Amino acid sequence: MDLNFDRRYLDLIVRWLWLIALASAVAAGVSYYFSSQETVAYVAKARLIVGPGVDSSKPNINDLRTSGALMQTYAELALTRPLLERVASGLGGDVGASKLSKKVEVKANTETLILTIQASDNDPESAVAIANAMAQAVVDLPQTSMEEIIEGVRQQVAEIESEIQRTTTTIDRLEAERQASTDLAQQKLLQDQIKDERSHLTDSHKTLASLYESLQQTVTNQVKLVEPAVEAVQEESKVRLNVMVAALAGLVLSVIVALVVEFLDTRVKTTDQLAALSAAPLMLAVKRHAALGGTGVDRLVVKARPDAKAAEGYRMLAARLLFARDGQAPRTMMCCGPAAAGVDDSAEAAANLAVILAESGYRVVLVDANLAQPSLAEMLGIADRGGLAEALLAKDGRVSPTAIPWAPGLRALPAGGAAPEAMRRLASPRLAEVIGGLSTDADIVVVVTAPVLASAESLAVAPHTDGVLFVARSGRVDRTVMAQATEQVHAVQATLFGVVLTQARRPGTASPRPAAGVPVPMPAADPTRLARGELMLPLASPRVASDPPAT
């Protein structure tokens, strides 16, 4: 099982839990309100039986099958407009066929041959009246035709009985004539006539018996009322079911919305998303913290709030950076954002990182190479003069970084005057000379530049450092932009140390993904020793406690 895959979906649910809960609650609340407004309904039932039923002395399996088929027909006929109009007319009031069809439900049970007519109404007495009226209308459907059939059979019986009477009289007359006659030929003729009449009489008796049997047998096509509606019961409330269905629908809809938004959202928010974009060895997210005002100590979270999770994130960043080159700390590094759009936290992240390194006993120089929009001088509370711009234009090449009094071991080189000539020299060999000069008197030089996709000069700085560290605010940089920035860094043959997400909802790191041309970091420092300030920083010549602070 892919734990990272599962965690991504878990993070998605946590991020959108408010929407899922809100949508479910709103849907359930709306459903409860409208369901509660519905008027209480009462239900009455009348039961009918179709076919011979239990009163038949000789039930026939074919008759029962026929009755089952007829039951479905009667169930459909019960809801036809002519029958509904006839029932509505008998009930009177404002009940029409359309309104009545919504109040009546017919259920057929082909096994028991029971037809149930169910009527619902806000008034229990009206529900009973509707159920009984509908039942009687269904009973009356075959009644007329059956009476006509029975009457026809009775007429046939009467005619046959009359015919039998006439035949009997004729036989008696012929028998008397035969006995009175002395002519043998005449007697033989009369005897043949008597024989024919008796045969006809026998046929008439058989026909009469068949007609009597048909009258005595139960007719298949008949409907009887078994149980009329007597009282109506209150219909079971569907409020709970409606609320549950609505809440489930709201939950499903909110999950779909969250998935669609996540699919369309191309912003980078987590280190896992970074890992899918870049093979950089260092990917770290710094916990979100409140904006800090002021300058100097009050501006940097590692000094103002050293116990905050954001400060711990910067300490972890320092520990991992110092193993970025085959277990050796970089001597120079460039810190910048990927693009100009959005918030650029690179200067603040570089300052916090530089303070951590200085507190660990290393000589650090922080350089503001963003000559177009300098920010380090104001952030650190130092004068913005005698900075990088002047150093690039100076002929003697002397560089004098300003010591930061509240961070021993840390010096800063502000941007200075942003002269056009100085900005052009950022892309010249002169910058390499300045950085090289600073490296001779420092353990680590951190150079802050403009975003690489917004300044060609920033790309020119990258090859003069040991590596580049991207700083992007979580949720403010597009994945495409991050991929383009990474491609630009590799295009100038510079090393990408990693990417840092600031103001992240959840701090953390991503697993390294080695790739061709990208260094693989050594394991980070022990977190327990890190919390005590023992960073175990590997460096060729770290400054010892007895060394005087650099000026």
# chains A, B, ... in the order shown; residues from 1 in each chain; ligands from 1
$ residues_around --residues "Ala291 of chain A" --least-positions-apart "4" --cutoff "10 Å" --atoms "only C-alpha atoms" --output "ChimeraX atom specification"
/A:299-301,503
$ select_by_dssp --residues "segment 377-470 of chain A" --states "alpha helix (DSSP H)" --output "PyMOL selection string"
chain A and resi 377-380+388-393+420-425+429-440+456-461
$ write_last_selection --atoms "C-alpha atoms" --output "short mmCIF file (atom, residue, chain, number, x, y, z; two decimals), in the first residue's frame"
data_model
loop_
_atom_site.label_atom_id
_atom_site.label_comp_id
_atom_site.auth_asym_id
_atom_site.auth_seq_id
_atom_site.Cartn_x
_atom_site.Cartn_y
_atom_site.Cartn_z
CA ALA A 377 18.40 46.34 5.12
CA GLU A 378 14.94 47.21 6.39
CA MET A 379 14.37 43.68 7.66
CA LEU A 380 17.61 43.55 9.65
CA LEU A 388 26.50 45.34 -3.13
CA ALA A 389 25.81 48.03 -5.74
CA GLU A 390 28.76 50.09 -4.54
CA ALA A 391 30.96 46.97 -4.34
CA LEU A 392 30.16 46.08 -7.94
CA LEU A 393 31.05 49.61 -9.10
CA PRO A 420 21.48 50.68 -13.61
CA GLU A 421 25.18 50.03 -14.12
CA ALA A 422 25.31 47.99 -10.90
CA MET A 423 22.35 45.87 -12.01
CA ARG A 424 24.06 45.14 -15.30
CA ARG A 425 27.19 44.06 -13.43
CA PRO A 429 32.51 38.38 -13.61
CA ARG A 430 32.67 41.22 -11.06
CA LEU A 431 29.93 39.50 -9.01
CA ALA A 432 32.02 36.34 -8.81
CA GLU A 433 34.91 38.42 -7.49
CA VAL A 434 32.71 39.98 -4.80
CA ILE A 435 31.34 36.61 -3.68
CA GLY A 436 34.83 35.13 -3.71
CA GLY A 437 36.09 37.99 -1.56
CA LEU A 438 33.32 37.46 0.95
CA SER A 439 34.02 33.72 1.09
CA THR A 440 37.60 34.29 2.22
CA ALA A 456 17.95 37.34 -16.06
CA GLU A 457 20.56 38.67 -13.60
CA SER A 458 19.40 36.12 -11.02
CA LEU A 459 20.12 33.28 -13.43
CA ALA A 460 23.56 34.81 -13.99
CA VAL A 461 24.24 34.70 -10.23
#
$ select_by_dssp --residues "segment 428-477 of chain A" --states "strand (DSSP E)" --output "PyMOL selection string"
chain A and resi 444-448+468-473
$ residues_around --residues "Ala41 of chain A" --least-positions-apart "3" --cutoff "7 Å" --atoms "only C-alpha atoms" --output "ChimeraX atom specification"
/A:120-122,234-235
$ write_last_selection --atoms "N, CA and C atoms" --output "PDB file, in the first residue's frame"
ATOM      1  N   SER A 120     -54.788   7.825   0.803  1.00  0.00           N
ATOM      2  CA  SER A 120     -54.212   8.710   1.817  1.00  0.00           C
ATOM      3  C   SER A 120     -54.841  10.090   1.699  1.00  0.00           C
ATOM      4  N   ASP A 121     -55.058  10.718   2.853  1.00  0.00           N
ATOM      5  CA  ASP A 121     -55.655  12.055   2.885  1.00  0.00           C
ATOM      6  C   ASP A 121     -55.330  12.682   4.230  1.00  0.00           C
ATOM      7  N   ASN A 122     -55.428  14.008   4.254  1.00  0.00           N
ATOM      8  CA  ASN A 122     -55.168  14.707   5.517  1.00  0.00           C
ATOM      9  C   ASN A 122     -56.271  14.457   6.539  1.00  0.00           C
ATOM     10  N   GLN A 234     -52.385   6.899  10.933  1.00  0.00           N
ATOM     11  CA  GLN A 234     -51.450   7.964  10.558  1.00  0.00           C
ATOM     12  C   GLN A 234     -50.251   7.368   9.822  1.00  0.00           C
ATOM     13  N   GLU A 235     -49.895   7.993   8.705  1.00  0.00           N
ATOM     14  CA  GLU A 235     -48.773   7.519   7.899  1.00  0.00           C
ATOM     15  C   GLU A 235     -47.462   7.756   8.637  1.00  0.00           C
TER      16      GLU A 235
END
$ atom_distance --atom1 "atom CA of Thr266 of chain A" --atom2 "atom CA of Ala494 of chain A"
26.1 Å
$ closest_residue --among "A:Ile117, A:Ile13, A:Val243, A:Ala350" --to "Val26 of chain A" --atoms "only C-alpha atoms"
A:Val243
$ atom_distance --atom1 "atom CA of Ser199 of chain A" --atom2 "atom CA of Ala180 of chain A"
23.0 Å
$ closest_residue --among "A:Gly96, A:Pro330, A:Gly386, A:Gly417" --to "Leu357 of chain A" --atoms "only C-alpha atoms"
A:Pro330
$ atom_distance --atom1 "atom CA of Tyr32 of chain A" --atom2 "atom CA of Leu19 of chain A"
19.5 Å
$ residues_around --residues "segment 445-453 of chain A" --least-positions-apart "2" --cutoff "6 Å" --atoms "only C-alpha atoms" --output "NGL selection string"
:A and (332-340 or 364-370 or 455 or 458-459)
$ residues_around --residues "segment 46-51 of chain A" --least-positions-apart "5" --cutoff "7 Å" --atoms "only C-alpha atoms" --output "number ranges by chain"
A: 64, 67, 71, 113-118, 131-132, 135, 220-229
$ closest_residue --among "A:Glu125, A:Glu236, A:Asp140, A:Asp307" --to "Leu91 of chain A" --atoms "only C-alpha atoms"
A:Glu125
$ closest_residue --among "A:Leu264, A:Val14, A:Leu100, A:Ala319" --to "Asp478 of chain A" --atoms "only C-alpha atoms"
A:Leu264
$ closest_residue --among "A:Tyr314, A:Leu322, A:Arg385, A:Lys309" --to "Asp443 of chain A" --atoms "only C-alpha atoms"
A:Leu322
$ closest_residue --among "A:Leu292, A:Ala209, A:Ala158, A:Leu77" --to "Val139 of chain A" --atoms "only C-alpha atoms"
A:Leu77
